[in-house]
$ cat input.txt   # compact mmCIF, C-alpha atoms
# COMPACT_ATOMS: atom_id res chain seq x y z
CA MET A 1 -1.86 30.81 -26.98
CA LYS A 2 0.92 29.19 -24.92
CA LEU A 3 0.06 31.46 -22.01
CA LEU A 4 -3.58 30.32 -22.05
CA LEU A 5 -2.50 26.69 -22.23
CA ALA A 6 -0.07 27.23 -19.33
CA ILE A 7 -2.82 28.84 -17.25
CA ALA A 8 -5.17 25.96 -18.08
CA LEU A 9 -2.46 23.45 -17.16
CA ILE A 10 -1.80 25.19 -13.83
CA PHE A 11 -5.53 25.38 -13.13
CA GLY A 12 -5.90 21.66 -13.95
CA TYR A 13 -2.97 20.83 -11.69
CA ILE A 14 -4.47 22.77 -8.76
CA VAL A 15 -7.88 21.18 -9.29
CA GLY A 16 -6.26 17.76 -9.55
CA LEU A 17 -4.44 18.27 -6.24
CA ARG A 18 -7.69 19.28 -4.56
CA VAL A 19 -9.71 16.41 -6.04
CA ILE A 20 -7.27 13.57 -5.31
CA GLU A 21 -7.48 13.67 -1.51
CA PRO A 22 -11.29 13.67 -1.12
CA ALA A 23 -11.67 11.02 -3.82
CA ILE A 24 -9.13 8.70 -2.18
CA ASP A 25 -10.69 9.42 1.24
CA ARG A 26 -14.09 8.30 -0.06
CA ILE A 27 -12.64 5.14 -1.59
CA GLY A 28 -10.72 4.43 1.61
CA GLU A 29 -13.80 4.90 3.82
CA ARG A 30 -15.86 2.68 1.55
CA LYS A 31 -13.20 -0.04 1.76
CA ALA A 32 -12.58 0.53 5.51
CA VAL A 33 -8.89 1.39 5.03
CA HIS A 34 -6.83 2.79 7.90
CA PRO A 35 -6.38 6.61 7.66
CA VAL A 36 -2.58 6.39 7.71
CA ARG A 37 -2.69 4.11 4.67
CA ILE A 38 -4.94 6.62 2.89
CA LYS A 39 -2.33 9.35 3.52
CA TYR A 40 0.38 7.15 1.93
CA ILE A 41 -1.70 6.68 -1.20
CA VAL A 42 -2.67 10.37 -1.45
CA LYS A 43 0.98 11.43 -1.10
CA THR A 44 2.12 8.95 -3.76
CA LEU A 45 -0.55 10.09 -6.23
CA LYS A 46 0.21 13.77 -5.60
CA ILE A 47 3.90 13.17 -6.32
CA GLY A 48 2.94 11.45 -9.59
CA LEU A 49 0.61 14.30 -10.54
CA THR A 50 3.32 16.86 -9.80
CA ALA A 51 5.87 15.01 -11.94
CA GLY A 52 3.37 14.81 -14.80
CA PHE A 53 2.54 18.51 -14.43
CA PHE A 54 6.19 19.58 -14.69
CA MET A 55 6.78 17.36 -17.71
CA ALA A 56 3.72 18.80 -19.47
CA LEU A 57 4.81 22.33 -18.53
CA LEU A 58 8.29 21.77 -19.99
CA PHE A 59 6.82 20.61 -23.28
CA LEU A 60 4.38 23.50 -23.27
CA MET A 61 7.19 26.03 -22.72
CA GLY A 62 8.71 24.98 -25.99
CA LEU A 63 11.46 22.66 -24.92
CA GLY A 64 11.83 20.18 -27.72
CA TYR A 65 11.37 16.49 -27.25
CA SER A 66 15.07 15.90 -27.86
CA GLN A 67 16.09 18.41 -25.17
CA VAL A 68 13.73 16.98 -22.60
CA HIS A 69 14.58 13.44 -23.71
CA VAL A 70 18.32 13.97 -23.16
CA PHE A 71 17.70 15.50 -19.74
CA LEU A 72 15.26 12.79 -18.63
CA SER A 73 17.34 9.92 -19.96
CA SER A 74 20.42 11.27 -18.16
CA MET A 75 18.45 11.73 -14.97
CA PHE A 76 16.89 8.25 -15.16
CA ALA A 77 20.28 6.70 -15.93
CA VAL A 78 21.73 8.19 -12.75
CA ILE A 79 18.67 7.23 -10.71
CA GLY A 80 18.61 3.77 -12.28
CA VAL A 81 22.22 3.10 -11.37
CA ALA A 82 21.66 4.45 -7.85
CA LEU A 83 18.50 2.42 -7.31
CA PHE A 84 19.41 -0.74 -9.20
CA ALA A 85 19.79 -2.75 -6.02
CA GLN A 86 16.67 -1.13 -4.60
CA TRP A 87 14.20 -1.98 -7.38
CA SER A 88 12.14 -3.94 -4.88
CA ILE A 89 11.36 -0.73 -3.00
CA LEU A 90 9.70 0.73 -6.09
CA SER A 91 7.84 -2.51 -6.80
CA ASN A 92 6.60 -2.62 -3.20
CA ILE A 93 5.27 0.95 -3.49
CA THR A 94 3.52 0.02 -6.74
CA ALA A 95 2.13 -3.12 -5.11
CA SER A 96 0.90 -0.93 -2.25
CA LEU A 97 -1.22 1.05 -4.72
CA VAL A 98 -2.62 -2.18 -6.18
CA ILE A 99 -3.40 -3.49 -2.69
CA PHE A 100 -5.18 -0.26 -1.80
CA PHE A 101 -7.51 -0.42 -4.78
CA GLY A 102 -7.91 -4.18 -5.27
CA PHE A 103 -6.88 -6.21 -2.21
CA PRO A 104 -10.00 -7.95 -0.82
CA TYR A 105 -8.67 -8.26 2.74
CA ARG A 106 -8.65 -5.60 5.43
CA VAL A 107 -6.92 -4.88 8.70
CA GLY A 108 -8.35 -7.26 11.30
CA ASP A 109 -9.02 -10.15 8.88
CA PHE A 110 -7.59 -13.56 9.71
CA VAL A 111 -5.69 -14.77 6.64
CA LYS A 112 -3.37 -17.54 5.55
CA VAL A 113 -0.70 -16.91 2.91
CA ALA A 114 -0.11 -20.02 0.80
CA ASP A 115 3.62 -20.42 1.31
CA LYS A 116 5.14 -23.87 0.96
CA ASP A 117 8.08 -23.10 3.24
CA GLU A 118 6.26 -21.78 6.29
CA ASP A 119 2.76 -21.44 7.72
CA ILE A 120 2.00 -17.74 7.54
CA SER A 121 -1.41 -17.30 9.03
CA GLY A 122 -2.69 -14.70 11.43
CA ILE A 123 -4.50 -11.41 11.75
CA ILE A 124 -3.59 -8.52 9.45
CA GLU A 125 -2.47 -5.73 11.78
CA GLU A 126 -1.28 -3.17 9.25
CA ILE A 127 -1.00 -2.69 5.50
CA GLY A 128 1.89 -0.30 4.96
CA LEU A 129 3.61 1.27 2.00
CA PHE A 130 6.18 -1.54 1.78
CA HIS A 131 4.75 -4.52 3.67
CA VAL A 132 1.82 -6.17 5.40
CA ILE A 133 2.19 -6.97 9.09
CA ILE A 134 0.51 -10.21 10.19
CA ARG A 135 0.20 -11.09 13.88
CA ARG A 136 0.64 -14.80 14.48
CA GLY A 137 0.06 -15.45 18.18
CA ASP A 138 2.85 -13.57 19.94
CA ASP A 139 4.91 -13.27 16.74
CA TRP A 140 4.75 -10.57 14.10
CA VAL A 141 5.38 -11.42 10.46
CA THR A 142 6.39 -8.67 8.05
CA TYR A 143 5.43 -9.77 4.55
CA PRO A 144 6.43 -7.67 1.48
CA ASN A 145 3.60 -6.23 -0.59
CA THR A 146 4.95 -7.72 -3.83
CA LEU A 147 4.95 -11.23 -2.40
CA ILE A 148 1.45 -10.97 -0.94
CA LEU A 149 0.20 -10.11 -4.44
CA GLN A 150 2.05 -13.07 -5.95
CA LYS A 151 0.84 -15.72 -3.49
CA ALA A 152 -2.63 -17.00 -2.81
CA VAL A 153 -4.14 -15.44 0.31
CA ILE A 154 -6.97 -17.32 2.02
CA LYS A 155 -9.37 -15.54 4.34
CA GLN A 156 -10.21 -17.80 7.25
CA LEU A 157 -12.26 -17.68 10.39
CA PRO A 158 -10.02 -17.03 13.37
CA PRO A 159 -9.21 -20.15 15.38
CA LYS A 160 -11.52 -20.71 18.31
CA PRO A 161 -9.88 -20.58 21.72
CA GLU A 162 -9.79 -23.94 23.44
CA PRO A 163 -12.43 -24.17 26.19
CA GLU A 164 -11.17 -24.30 29.74
CA PRO A 165 -11.68 -27.69 31.40
CA GLU A 166 -14.67 -27.82 33.74
CA PRO A 167 -14.25 -29.22 37.23
CA ALA A 168 -15.36 -32.80 37.60
CA ALA A 169 -18.78 -33.45 39.10
CA GLY A 170 -18.97 -34.69 42.67
CA GLY A 171 -16.71 -32.21 44.39
CA ASP A 172 -13.34 -33.49 43.19
CA THR A 173 -11.92 -29.99 43.32
CA ILE A 174 -9.52 -29.02 46.03
CA PRO A 175 -10.87 -26.16 48.14
CA ALA A 176 -8.74 -23.05 48.35
CA PRO A 177 -7.12 -22.56 51.79
$ encode --input "input.txt" --output "structure tokens"
Amino acid sequence: MKLLLAIALIFGYIVGLRVIEPAIDRIGERKAVHPVRIKYIVKTLKIGLTAGFFMALLFLMGLGYSQVHVFLSSMFAVIGVALFAQWSILSNITASLVIFFGFPYRVGDFVKVADKDEDISGIIEEIGLFHVIIRRGDDWVTYPNTLILQKAVIKQLPPKPEPEPEPAAGGDTIPAP
């Protein structure tokens, strides 16, 4: 019975790996997401599926909850101590997944982030795994994914370029030599 369940679990894992990429590709195309961003999301979801597969396989092989629990708690304690100062990295990756599925703005949109300390408005150039890059004139602003989810983001029309002054009527221009 365990062998059949293990085969079913392996089959489900392989099918899951094959289904994730086309499904995320379709969602990404429908939302007009950059292909590099789609690859980030697919890779993150495949890592999560693989971790879940191995945990299910360990339980299926007969390792008791207490054995797996001791191993996982020890492993997470070591990882937790090692990454304690880096918790923002994990939250930015999580925010990246939320942005992929629910962020209403796309690359190329002109946005303004409601920040009381500084005017952060410009064109979204890239939405990465850790941050959003906003071009503001000649400057580039790197804004963390977690903060862009916490602040209000306003989609605006891009500012119109100022028209060039027209020469005055009556020939007041100086002819070129």
$ atom_distance --input "input.txt" --atom1 "atom CA of Ile89 of chain A" --atom2 "atom CA of Pro22 of chain A"
26.9 Å
$ atom_distance --input "input.txt" --atom1 "atom CA of Ile123 of chain A" --atom2 "atom CA of Arg136 of chain A"
6.7 Å
$ axis_aligned_box --input "input.txt" --around "segment 59-62 of chain A" --padding-each-side "6 Å" --output "lines of an AutoDock Vina configuration file"
center_x = 6.5
center_y = 23.3
center_z = -24.4
size_x = 16.3
size_y = 17.4
size_z = 15.3
$ atom_distance --input "input.txt" --atom1 "atom CA of Leu3 of chain A" --atom2 "atom CA of Met75 of chain A"
27.9 Å
$ residues_around --input "input.txt" --residues "Gly48 of chain A" --least-positions-apart "4" --cutoff "12 Å" --atoms "all atoms listed in the file" --output "list of chain:residue names"
A:Tyr13, A:Gly16, A:Leu17, A:Ile20, A:Ile41, A:Val42, A:Lys43, A:Thr44, A:Gly52, A:Phe53, A:Phe54, A:Met55, A:Thr94
$ residues_around --input "input.txt" --residues "Asn92 of chain A" --least-positions-apart "4" --cutoff "10 Å" --atoms "only C-alpha atoms" --output "NGL selection string"
:A and (87-88 or 96-98 or 128-131 or 144-147 or 149)
$ closest_residue --input "input.txt" --among "A:Ser73, A:Ala56, A:Ile120, A:Ile93" --to "Ile10 of chain A" --atoms "all atoms listed in the file"
A:Ala56
$ closest_residue --input "input.txt" --among "A:Phe100, A:Phe11, A:Phe71, A:Phe76" --to "Gly28 of chain A" --atoms "only C-alpha atoms"
A:Phe100
$ residues_around --input "input.txt" --residues "Ser121 of chain A" --least-positions-apart "2" --cutoff "8 Å" --atoms "all atoms listed in the file" --output "list of chain:residue names"
A:Phe110, A:Val111, A:Lys112, A:Val113, A:Asp119, A:Ile123, A:Ile134, A:Arg136
$ residues_around --input "input.txt" --residues "Ile24 of chain A" --least-positions-apart "5" --cutoff "10 Å" --atoms "only C-alpha atoms" --output "ChimeraX atom specification"
/A:19,29-30,38-39,41-42,45,100-101
$ closest_residue --input "input.txt" --among "A:Asp115, A:Arg18, A:Ile148, A:Gly137" --to "Ile99 of chain A" --atoms "all atoms listed in the file"
A:Ile148
$ closest_residue --input "input.txt" --among "A:Ala77, A:Ile27, A:Gly12, A:Val132" --to "Ala95 of chain A" --atoms "all atoms listed in the file"
A:Val132
